[in-house]
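J.: My structure file work-v8.cif, mmCIF, C-alpha atoms, is below:
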```cif
data_work
#
loop_
_atom_site.label_atom_id
_atom_site.label_comp_id
_atom_site.auth_asym_id
_atom_site.auth_seq_id
_atom_site.Cartn_x
_atom_site.Cartn_y
_atom_site.Cartn_z
CA ARG A 1 24.68 39.40 -138.32
CA GLN A 2 25.61 39.10 -134.73
CA GLU A 3 22.65 41.18 -133.69
CA GLY A 4 20.42 38.92 -135.72
CA ARG A 5 21.90 35.90 -134.08
CA GLN A 6 21.39 37.35 -130.64
CA GLU A 7 17.83 38.29 -131.43
CA GLY A 8 17.25 34.81 -132.84
CA ARG A 9 18.72 33.26 -129.72
CA GLN A 10 16.54 35.38 -127.49
CA GLU A 11 13.45 34.57 -129.51
CA GLY A 12 14.43 30.88 -129.46
CA ARG A 13 14.91 31.01 -125.69
CA GLN A 14 11.54 32.64 -125.21
CA GLU A 15 9.83 30.12 -127.47
CA GLY A 16 11.69 27.33 -125.68
CA ARG A 17 10.61 28.67 -122.29
CA GLN A 18 7.01 28.88 -123.44
CA GLU A 19 7.09 25.38 -124.86
CA GLY A 20 8.83 24.17 -121.68
CA ARG A 21 6.20 25.85 -119.51
CA GLN A 22 3.40 24.26 -121.54
CA GLU A 23 5.03 20.84 -121.34
CA GLY A 24 5.69 21.35 -117.62
CA ARG A 25 2.07 22.35 -117.05
CA GLN A 26 0.84 19.27 -118.88
CA GLU A 27 3.17 17.00 -116.93
CA GLY A 28 2.20 18.76 -113.71
CA ARG A 29 -1.49 18.33 -114.48
CA GLN A 30 -0.99 14.64 -115.18
CA GLU A 31 0.97 14.16 -111.97
CA GLY A 32 -1.60 16.19 -110.05
CA ARG A 33 -4.45 14.12 -111.46
CA GLN A 34 -2.66 10.92 -110.53
CA GLU A 35 -1.99 12.14 -106.99
CA GLY A 36 -5.58 13.38 -106.73
CA ARG A 37 -6.92 9.99 -107.84
CA GLN A 38 -4.81 8.21 -105.24
CA GLU A 39 -5.91 10.58 -102.49
CA GLY A 40 -9.52 10.24 -103.64
CA ARG A 41 -9.30 6.45 -103.56
CA GLN A 42 -7.91 6.51 -100.05
CA GLU A 43 -10.61 8.90 -98.87
CA GLY A 44 -13.25 6.82 -100.61
CA ARG A 45 -12.01 3.64 -98.96
CA GLN A 46 -12.09 5.27 -95.54
CA GLU A 47 -15.59 6.61 -96.12
CA GLY A 48 -16.69 3.22 -97.41
CA ARG A 49 -15.31 1.47 -94.33
CA GLN A 50 -17.09 3.88 -92.03
CA GLU A 51 -20.37 3.48 -93.91
CA GLY A 52 -19.95 -0.30 -93.88
CA ARG A 53 -19.34 -0.35 -90.13
CA GLN A 54 -22.36 1.82 -89.53
CA GLU A 55 -24.58 -0.36 -91.73
CA GLY A 56 -23.23 -3.46 -90.00
CA ARG A 57 -24.06 -2.04 -86.58
CA GLN A 58 -27.59 -1.19 -87.68
CA GLU A 59 -28.11 -4.64 -89.16
CA GLY A 60 -26.75 -6.22 -85.99
CA ARG A 61 -29.11 -4.19 -83.83
CA GLN A 62 -32.09 -5.15 -85.97
CA GLU A 63 -31.15 -8.82 -85.91
CA GLY A 64 -30.66 -8.63 -82.14
CA ARG A 65 -34.08 -7.07 -81.67
CA GLN A 66 -35.72 -9.73 -83.82
CA GLU A 67 -33.96 -12.52 -81.98
CA GLY A 68 -34.91 -10.95 -78.66
CA ARG A 69 -38.55 -10.74 -79.67
CA GLN A 70 -38.56 -14.35 -80.86
CA GLU A 71 -36.93 -15.53 -77.65
CA GLY A 72 -39.38 -13.48 -75.61
CA ARG A 73 -42.34 -14.96 -77.45
CA GLN A 74 -40.97 -18.48 -77.01
CA GLU A 75 -40.41 -17.93 -73.29
CA GLY A 76 -43.90 -16.46 -72.97
CA ARG A 77 -45.44 -19.48 -74.70
CA GLN A 78 -43.50 -21.86 -72.47
CA GLU A 79 -44.58 -20.01 -69.34
CA GLY A 80 -48.18 -20.08 -70.53
CA GLU A 81 -47.99 -23.81 -71.28
CA ALA A 82 -46.46 -24.50 -67.88
CA GLU A 83 -49.17 -22.49 -66.10
CA LEU A 84 -51.91 -24.25 -68.04
CA LEU A 85 -50.47 -27.67 -67.18
CA LEU A 86 -50.24 -26.68 -63.51
CA ARG A 87 -53.85 -25.51 -63.52
CA LEU A 88 -55.08 -28.72 -65.16
CA LEU A 89 -53.09 -30.85 -62.69
CA GLU A 90 -54.56 -28.94 -59.73
CA LEU A 91 -58.09 -29.27 -61.11
CA ARG A 92 -57.62 -33.00 -61.56
CA PHE A 93 -55.49 -33.93 -58.53
CA GLY A 94 -55.74 -31.01 -56.08
CA PRO A 95 -52.87 -29.00 -54.56
CA LEU A 96 -49.39 -29.83 -55.92
CA ALA A 97 -46.02 -30.09 -54.17
CA ASP A 98 -43.69 -27.11 -54.61
CA ALA A 99 -40.98 -29.34 -56.13
CA LEU A 100 -43.41 -30.51 -58.82
CA ARG A 101 -44.49 -26.93 -59.54
CA GLU A 102 -40.85 -25.86 -59.93
CA ARG A 103 -40.05 -28.82 -62.19
CA ILE A 104 -42.94 -27.94 -64.50
CA ARG A 105 -42.05 -24.22 -64.56
CA SER A 106 -38.41 -24.98 -65.51
CA ALA A 107 -39.24 -27.59 -68.20
CA ASP A 108 -38.55 -27.04 -71.89
CA ALA A 109 -41.25 -26.89 -74.57
CA GLU A 110 -40.93 -30.54 -75.62
CA ALA A 111 -41.32 -31.84 -72.06
CA LEU A 112 -44.35 -29.60 -71.46
CA LEU A 113 -45.99 -30.97 -74.61
CA ARG A 114 -45.35 -34.61 -73.60
CA TRP A 115 -46.62 -34.00 -70.08
CA SER A 116 -49.72 -32.18 -71.31
CA GLU A 117 -50.68 -35.25 -73.35
CA ARG A 118 -50.19 -37.55 -70.34
CA ILE A 119 -52.57 -35.65 -68.07
CA LEU A 120 -55.54 -37.39 -69.71
CA THR A 121 -54.39 -40.89 -68.70
CA ALA A 122 -52.35 -40.29 -65.53
CA SER A 123 -53.59 -41.55 -62.17
CA ALA A 124 -51.34 -39.23 -60.13
CA PRO A 125 -49.44 -35.96 -60.79
CA GLU A 126 -46.11 -37.82 -60.67
CA ASP A 127 -47.24 -40.04 -63.57
CA VAL A 128 -47.55 -36.95 -65.77
CA VAL A 129 -43.93 -35.83 -65.31
CA LYS A 130 -42.36 -39.29 -65.26
CA ASP A 131 -39.70 -39.66 -67.97
#
```
As structure tokens, how would this structure be written, given the file I've shared?
T.:
Amino acid sequence: RQEGRQEGRQEGRQEGRQEGRQEGRQEGRQEGRQEGRQEGRQEGRQEGRQEGRQEGRQEGRQEGRQEGRQEGRQEGRQEGEAELLLRLLELRFGPLADALRERIRSADAEALLRWSERILTASAPEDVVKD
């Protein structure tokens, strides 16, 4: 009897150990998965931030280039309008004073447009740029 009990206990212990190992493995897997998910989320967030920064920089550069081109075109148009107005004034009235030339070259687009319309009716260069 005693031998049977001992054998039964040993077999029970072995079965218990096996069941315990299986349960432990399952719990360990679940904990490992959970930890892995958390680590993966953190890594994903970091990668996402880096990608977002990079995309933002690229978009900013593109927008800056576009704005620069637009500003350059606008400045070029204004310079061309100023030079045309100066040429027309010289053809109509002769050589112009340096102060008048500088005023026309530093004028904004709206002023250049107004002054260009006045050249047809002005009797002197000063009448064109009078505000």
J.: I would like the residues chosen by the PyMOL selection byres ((chain A and resi 82-86) around 12) on the shown file; could you give them as number ranges by chain?
T.: A: 75-81, 87-98, 100-120, 125, 128-129
J.: Around all the atoms of region 14-33 of chain A listed in the file, with 3 Å of room on each side, what axis-aligned box do you get, giving centre and edge lengths in Å to one decimal, as JSON?
T.:
```
{"center_x": 3.6, "center_y": 23.4, "center_z": -118.8, "size_x": 22.1, "size_y": 24.5, "size_z": 23.4}
```
J.: Mind pulling up the distance from CA of Glu63 (chain A) to CA of Gln50 (chain A)?
T.: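 These two atoms are separated by 19.9 Å.
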